[in-house]
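Notes to accompany the following structure.
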Amino acid sequence: MTRKYNFSAGPAMLPQPVLEQAQAELLDWNGTGQSVMEMSHRGKEFMSIAETAEADLREVMNIPDNYKVLFLQGGATSQFAAIPLNLLRGKEGADYVNTGIWSTKAITEASRYCLVNVVSNSESSHFTSIQNYEEWNINPDAAYLHYTPNETIAGVEFPWVPDTGEIPLVADMSSNILSRPVDVSEFGLIYAGAQKNIGPAGLTIVIVREDLIGDAMDITPTMLNYDVHAKNGSMYNTPSTYAWYLAGLIFKWLKQQGGLEQMEILNRRKAAMLYDCIDNSDFYSNPVDKEYRSLMNVPFTLANSELNEKFLTEAATRDLVYLKGHKSVGGMRASIYNAMPEQGVIELVDMMKSFETKYG
Ligand code: PMP
């Protein structure tokens with residue numbers, strides 16, 4: 001069996017030791033004679049899996065006690081609505097930073113529930129940069145400020161955290177959660193779909209400061225109400241049990257790897273290899289402002305777009321797959337989340353160099 005290097009933006013690669021453990025436990029978890037998939041979510045076995053996963057995530061991210069951790073469904077996309085519904089707390093509007101396609105989607109959805117003040121918009125630069133914080137048009141009365149620390153499509157990442165003072169900071173960390181340490185106390189709410197750095201699709205994690213919940217709008221659907229989920233341990237309805245279990249295995253794997261400090265070192269090394277290859281060539285290019293280049297998603301174009309198909313075919317013969325870029329950007333995109341081994345990036349860079357020699 002050959003495992004391919006999968007550069008997809010998500011669902012993405014999972015660490016092989018985690019998949020092997022899941023395989024070993026598939027039919028019989030811990031001598032219970034059942035698969036985790038078959039367990040009642042309210043039974044003591046699954047409850048222990050759920051509690052351990054939460055405790056490990058709290059440890060890995062150093063989440064303070066006054067934050068709830070929710071294991072939800074509906075993807076990050078459901079949170080685009082849940083955030084205004086829960087966090088407006090009687091206020092009229094919220095601030096949003098527009099740094100790309102995902103921020104734009106969050107803005108469109110929030111506009112159904114509140115007045116959205118777009119404090120900064122980098123669309124005119126085709127989302128290849130981020131405006132300085134000093135230039136943002138902050139509304140001091142905003143219920144919260146929402147931003148997307150890593151824009152998965154254009155490959156634009158904030159190297160800094162906006163300091164919004166009393167205004168709660170809300171972050172869509174779908175594509176860079178767990179890739180480096182963050183100080184959770186700087187945020188009011190962090191959310192992420194699981195299918196990049198957390199685990200399989202079907203699970204959505206919300207980390208929210210306790211004082212921000214409990215005042216959802218009356219029209220809030222029960223399933224989008226953070227208070228309901230917090231009071232029910234994320235088991236108001238049947239949670240995504242298997243994805244929760246696998247996320248728990250990933251959190252343990254992260255601890256074994258040396259935690260997020262170690263992840264950051266590795267992620268920086270992997271990204272630098274790829275950006276160096278692009279920058280040292282006249283054949284490949286990446287348009288993103290160097291300061292804001294993503295460590296997780298590296299888009300690049302070829303000097304001649306007619307070679308795109310050939311590039312993808314040659315890559316596939318070397319087991320390097322899902323490199324096709326998003327249609328809005330074109331070219332290629334290499335997503336190199338935590339589970340992408342360094343060797344995968346080494347092989348990709350090697351393939352890029354030989355492709356350039358052949359066709360460049
Ligand atoms: N936000 C970001 C930054 C994303 O990358 C994605 C998915 N690629 C989403 C939101 C949407 O996530 P989901 O598919 O889990 O709803």
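Every chain in the structure tokens takes a letter, A first, then B, and so on in the order presented; its residues are numbered from 1, and the ligands are numbered from 1 following the presented order.
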Item to check | Contacts with ligand 1 at most 8 Å, only C-alpha atoms and all ligand atoms counted, listed as a PyMOL selection string | outcome: chain A and resi 9-10+74-78+102-103+148-153+172-175+192-195+201-204
Once you count only C-alpha atoms, what closest atom pair and distance in Å to one decimal does each residue of range 128-190 of chain A within 6 Å of range 290-299 of chain A have, with rows by chain and rising residue number, as JSON lines?
```
{"residue": "A:Thr152", "atom": "CA", "partner": "A:Asn297", "partner_atom": "CA", "distance": 6.0}
{"residue": "A:Gly155", "atom": "CA", "partner": "A:Asn297", "partner_atom": "CA", "distance": 4.9}
{"residue": "A:Val156", "atom": "CA", "partner": "A:Ser294", "partner_atom": "CA", "distance": 4.9}
{"residue": "A:Glu157", "atom": "CA", "partner": "A:Ser294", "partner_atom": "CA", "distance": 4.6}
{"residue": "A:Phe158", "atom": "CA", "partner": "A:Tyr292", "partner_atom": "CA", "distance": 5.9}
```
Item to check | Nearest to Leu320 in chain A, chosen from A:Glu134, A:Asp218, A:Asp279, A:Asp350, with only C-alpha atoms counted in the distances | outcome: A:Asp350
Set out as CSV a contact list for range 165-263 of chain A and range 57-67 of chain A with a cut-off of 8 Å, giving each residue of range 165-263 of chain A that qualifies its closest atom pair and distance in Å to one decimal, counting only C-alpha atoms, ordered by chain and rising residue number.
```
residue,atom,partner,partner_atom,distance
A:Leu178,CA,A:Met61,CA,7.4
A:Pro181,CA,A:Met61,CA,6.8
A:Val182,CA,A:Met61,CA,7.2
A:Asp183,CA,A:Asn62,CA,7.8
A:Val184,CA,A:Ile63,CA,6.0
A:Ser185,CA,A:Pro64,CA,7.0
A:Ile207,CA,A:Tyr67,CA,6.3
A:Val208,CA,A:Tyr67,CA,5.3
A:Arg209,CA,A:Tyr67,CA,4.3
A:Glu210,CA,A:Tyr67,CA,5.3
A:Gly248,CA,A:Leu57,CA,7.8
A:Phe251,CA,A:Leu57,CA,5.9
A:Leu254,CA,A:Val60,CA,7.5
A:Lys255,CA,A:Val60,CA,6.7
A:Gly259,CA,A:Val60,CA,6.1
A:Leu260,CA,A:Val60,CA,6.9
```
File of the preceding selection, N, CA and C atoms, as a short mmCIF file (atom, residue, chain, number, x, y, z; two decimals), in the first residue's frame:
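Below is the file out-v2.cif, written as the result:
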```
data_model
loop_
_atom_site.label_atom_id
_atom_site.label_comp_id
_atom_site.auth_asym_id
_atom_site.auth_seq_id
_atom_site.Cartn_x
_atom_site.Cartn_y
_atom_site.Cartn_z
N LEU A 178 -4.42 25.08 15.73
CA LEU A 178 -3.46 24.04 16.15
C LEU A 178 -2.16 24.03 15.33
N PRO A 181 1.05 28.07 18.52
CA PRO A 181 0.39 28.45 19.78
C PRO A 181 -0.39 29.75 19.59
N VAL A 182 -1.53 29.87 20.25
CA VAL A 182 -2.22 31.16 20.33
C VAL A 182 -2.57 31.41 21.79
N ASP A 183 -2.72 32.67 22.14
CA ASP A 183 -3.15 33.01 23.49
C ASP A 183 -4.67 33.14 23.46
N VAL A 184 -5.35 32.07 23.89
CA VAL A 184 -6.82 32.01 23.78
C VAL A 184 -7.47 33.20 24.49
N SER A 185 -6.82 33.68 25.55
CA SER A 185 -7.45 34.77 26.32
C SER A 185 -7.56 36.07 25.52
N ILE A 207 -14.75 27.56 20.72
CA ILE A 207 -14.15 27.86 22.04
C ILE A 207 -14.64 29.26 22.37
N VAL A 208 -15.44 29.38 23.40
CA VAL A 208 -16.10 30.69 23.63
C VAL A 208 -16.01 31.10 25.10
N ARG A 209 -15.74 32.38 25.31
CA ARG A 209 -15.66 32.90 26.68
C ARG A 209 -17.04 32.87 27.31
N GLU A 210 -17.11 32.36 28.53
CA GLU A 210 -18.40 32.09 29.17
C GLU A 210 -19.32 33.29 29.24
N GLY A 248 -9.92 13.44 19.25
CA GLY A 248 -9.24 13.13 20.51
C GLY A 248 -7.90 12.43 20.26
N PHE A 251 -5.44 15.05 19.18
CA PHE A 251 -4.93 15.89 20.28
C PHE A 251 -3.82 15.14 21.04
N LEU A 254 -0.76 15.28 18.91
CA LEU A 254 -0.11 16.60 19.01
C LEU A 254 0.75 16.69 20.26
N LYS A 255 0.23 16.15 21.36
CA LYS A 255 1.01 16.18 22.61
C LYS A 255 2.30 15.38 22.44
N GLY A 259 3.58 19.27 21.10
CA GLY A 259 2.63 20.38 21.23
C GLY A 259 2.74 21.40 20.12
N LEU A 260 2.06 22.52 20.33
CA LEU A 260 1.94 23.51 19.24
C LEU A 260 3.24 24.26 18.98
#
```
Checklist entry - Within 10 Å of Ala230 in chain A, counting only C-alpha atoms, which residues qualify if same-chain residues fewer than 6 places away don't, as a PyMOL selection string? => result chain A and resi 68-71+208+210+213-214+236
What would the file look like if the residues just selected were written as a compact mmCIF listing (two decimals), in the first residue's frame with N, CA, C and O atoms?
```
# COMPACT_ATOMS: atom_id res chain seq x y z
N LYS A 68 -15.75 27.90 27.36
CA LYS A 68 -16.41 26.62 27.06
C LYS A 68 -15.83 26.08 25.76
O LYS A 68 -15.52 26.85 24.84
N VAL A 69 -15.72 24.78 25.68
CA VAL A 69 -15.30 24.14 24.43
C VAL A 69 -16.48 23.31 23.94
O VAL A 69 -16.95 22.42 24.66
N LEU A 70 -16.98 23.63 22.75
CA LEU A 70 -18.16 22.94 22.22
C LEU A 70 -17.76 22.09 21.02
O LEU A 70 -16.99 22.53 20.16
N PHE A 71 -18.31 20.88 20.97
CA PHE A 71 -18.04 19.95 19.85
C PHE A 71 -19.33 19.84 19.04
O PHE A 71 -20.23 19.09 19.40
N VAL A 208 -15.44 29.38 23.40
CA VAL A 208 -16.10 30.69 23.63
C VAL A 208 -16.01 31.10 25.10
O VAL A 208 -16.19 30.27 26.00
N GLU A 210 -17.11 32.36 28.53
CA GLU A 210 -18.40 32.09 29.17
C GLU A 210 -19.32 33.29 29.24
O GLU A 210 -20.53 33.18 29.06
N ILE A 213 -21.97 34.09 26.39
CA ILE A 213 -23.11 33.26 26.00
C ILE A 213 -24.26 33.40 27.01
O ILE A 213 -24.08 33.92 28.10
N GLY A 214 -25.44 32.97 26.55
CA GLY A 214 -26.60 33.04 27.43
C GLY A 214 -27.54 34.18 27.06
O GLY A 214 -28.56 34.39 27.72
N TYR A 236 -26.76 17.97 23.35
CA TYR A 236 -28.20 18.27 23.30
C TYR A 236 -28.87 17.30 22.34
O TYR A 236 -29.97 16.82 22.58
```
Item to check | Nearest residue to Pro159 in chain A from the set A:Asn280, A:Pro84, A:Asp289, A:Lys353 (distances using only C-alpha atoms) | outcome: A:Asp289
Checklist entry - Using the chain letters and numbers from this document, which residues of range 24-272 of chain A does DSSP assign to strand (DSSP E or B), as an NGL selection string? => result :A and (67-72 or 93-98 or 115-121 or 145-147 or 150-151 or 156-157 or 169-172 or 189-193 or 204-209)
Selection file, N, CA and C atoms, as a compact mmCIF listing (two decimals), in the first residue's frame:
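For reference, selection_11.txt as written:
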```txt
# COMPACT_ATOMS: atom_id res chain seq x y z
N TYR A 67 -13.52 29.51 29.61
CA TYR A 67 -13.95 29.28 28.22
C TYR A 67 -14.65 27.93 28.12
N LYS A 68 -15.75 27.90 27.36
CA LYS A 68 -16.41 26.62 27.06
C LYS A 68 -15.83 26.08 25.76
N VAL A 69 -15.72 24.78 25.68
CA VAL A 69 -15.30 24.14 24.43
C VAL A 69 -16.48 23.31 23.94
N LEU A 70 -16.98 23.63 22.75
CA LEU A 70 -18.16 22.94 22.22
C LEU A 70 -17.76 22.09 21.02
N PHE A 71 -18.31 20.88 20.97
CA PHE A 71 -18.04 19.95 19.85
C PHE A 71 -19.33 19.84 19.04
N LEU A 72 -19.41 20.63 17.97
CA LEU A 72 -20.68 20.80 17.26
C LEU A 72 -20.63 20.21 15.85
N GLY A 93 -24.91 46.04 15.76
CA GLY A 93 -24.01 45.64 14.68
C GLY A 93 -22.70 45.08 15.16
N ALA A 94 -21.96 44.55 14.18
CA ALA A 94 -20.66 43.96 14.48
C ALA A 94 -19.66 44.38 13.41
N ASP A 95 -18.39 44.35 13.78
CA ASP A 95 -17.31 44.70 12.86
C ASP A 95 -16.78 43.43 12.18
N TYR A 96 -16.51 43.53 10.90
CA TYR A 96 -15.96 42.40 10.15
C TYR A 96 -14.77 42.87 9.32
N VAL A 97 -13.75 42.04 9.28
CA VAL A 97 -12.58 42.32 8.44
C VAL A 97 -12.72 41.44 7.20
N ASN A 98 -12.59 42.05 6.04
CA ASN A 98 -12.73 41.26 4.82
C ASN A 98 -11.37 41.02 4.16
N LEU A 115 -26.30 44.73 11.47
CA LEU A 115 -25.59 45.70 10.65
C LEU A 115 -24.12 45.31 10.68
N VAL A 116 -23.58 45.09 9.50
CA VAL A 116 -22.17 44.72 9.42
C VAL A 116 -21.35 45.93 9.02
N ASN A 117 -20.36 46.25 9.84
CA ASN A 117 -19.43 47.32 9.50
C ASN A 117 -18.13 46.67 9.05
N VAL A 118 -17.84 46.80 7.75
CA VAL A 118 -16.60 46.20 7.24
C VAL A 118 -15.45 47.17 7.57
N VAL A 119 -14.62 46.78 8.53
CA VAL A 119 -13.60 47.71 9.03
C VAL A 119 -12.40 47.81 8.11
N SER A 120 -12.21 46.79 7.29
CA SER A 120 -11.07 46.78 6.38
C SER A 120 -11.39 45.78 5.27
N ASN A 121 -10.99 46.13 4.05
CA ASN A 121 -11.34 45.26 2.93
C ASN A 121 -10.15 45.21 1.97
N LEU A 145 -15.69 41.83 16.95
CA LEU A 145 -14.99 41.99 15.67
C LEU A 145 -14.62 40.60 15.15
N HIS A 146 -15.06 40.33 13.93
CA HIS A 146 -14.81 39.01 13.32
C HIS A 146 -13.72 39.11 12.28
N TYR A 147 -12.78 38.17 12.34
CA TYR A 147 -11.77 38.10 11.26
C TYR A 147 -11.39 36.65 10.98
N ASN A 150 -6.62 32.92 8.86
CA ASN A 150 -5.98 32.33 7.67
C ASN A 150 -7.03 32.13 6.59
N GLU A 151 -6.81 32.81 5.47
CA GLU A 151 -7.72 32.66 4.32
C GLU A 151 -7.21 31.50 3.47
N VAL A 156 -3.55 33.65 2.65
CA VAL A 156 -3.17 34.88 3.35
C VAL A 156 -3.40 34.67 4.85
N GLU A 157 -2.35 34.90 5.64
CA GLU A 157 -2.47 34.62 7.08
C GLU A 157 -2.01 35.82 7.89
N LEU A 169 -13.04 39.59 20.31
CA LEU A 169 -12.45 39.22 19.03
C LEU A 169 -12.92 37.81 18.67
N VAL A 170 -13.46 37.67 17.46
CA VAL A 170 -13.99 36.38 17.00
C VAL A 170 -13.16 35.93 15.81
N ALA A 171 -12.66 34.69 15.86
CA ALA A 171 -11.74 34.24 14.81
C ALA A 171 -12.19 32.93 14.17
N ASP A 172 -12.28 32.96 12.85
CA ASP A 172 -12.52 31.73 12.08
C ASP A 172 -11.17 31.07 11.83
N LEU A 189 -14.11 34.43 21.00
CA LEU A 189 -14.58 33.17 20.43
C LEU A 189 -13.65 32.73 19.30
N ILE A 190 -13.34 31.44 19.30
CA ILE A 190 -12.55 30.83 18.21
C ILE A 190 -13.40 29.69 17.67
N TYR A 191 -13.49 29.59 16.36
CA TYR A 191 -14.22 28.43 15.80
C TYR A 191 -13.46 27.85 14.62
N ALA A 192 -13.76 26.58 14.35
CA ALA A 192 -13.06 25.91 13.25
C ALA A 192 -13.80 24.65 12.83
N GLY A 193 -13.95 24.47 11.54
CA GLY A 193 -14.37 23.17 11.01
C GLY A 193 -13.19 22.23 11.21
N THR A 204 -17.28 20.44 14.36
CA THR A 204 -16.93 21.86 14.37
C THR A 204 -16.64 22.25 15.80
N ILE A 205 -15.51 22.87 16.03
CA ILE A 205 -15.17 23.22 17.41
C ILE A 205 -15.37 24.72 17.64
N VAL A 206 -16.02 25.04 18.76
CA VAL A 206 -16.20 26.43 19.17
C VAL A 206 -15.62 26.58 20.57
N ILE A 207 -14.75 27.56 20.72
CA ILE A 207 -14.15 27.86 22.04
C ILE A 207 -14.64 29.26 22.37
N VAL A 208 -15.44 29.38 23.40
CA VAL A 208 -16.10 30.69 23.63
C VAL A 208 -16.01 31.10 25.10
N ARG A 209 -15.74 32.38 25.31
CA ARG A 209 -15.66 32.90 26.68
C ARG A 209 -17.04 32.87 27.31
```
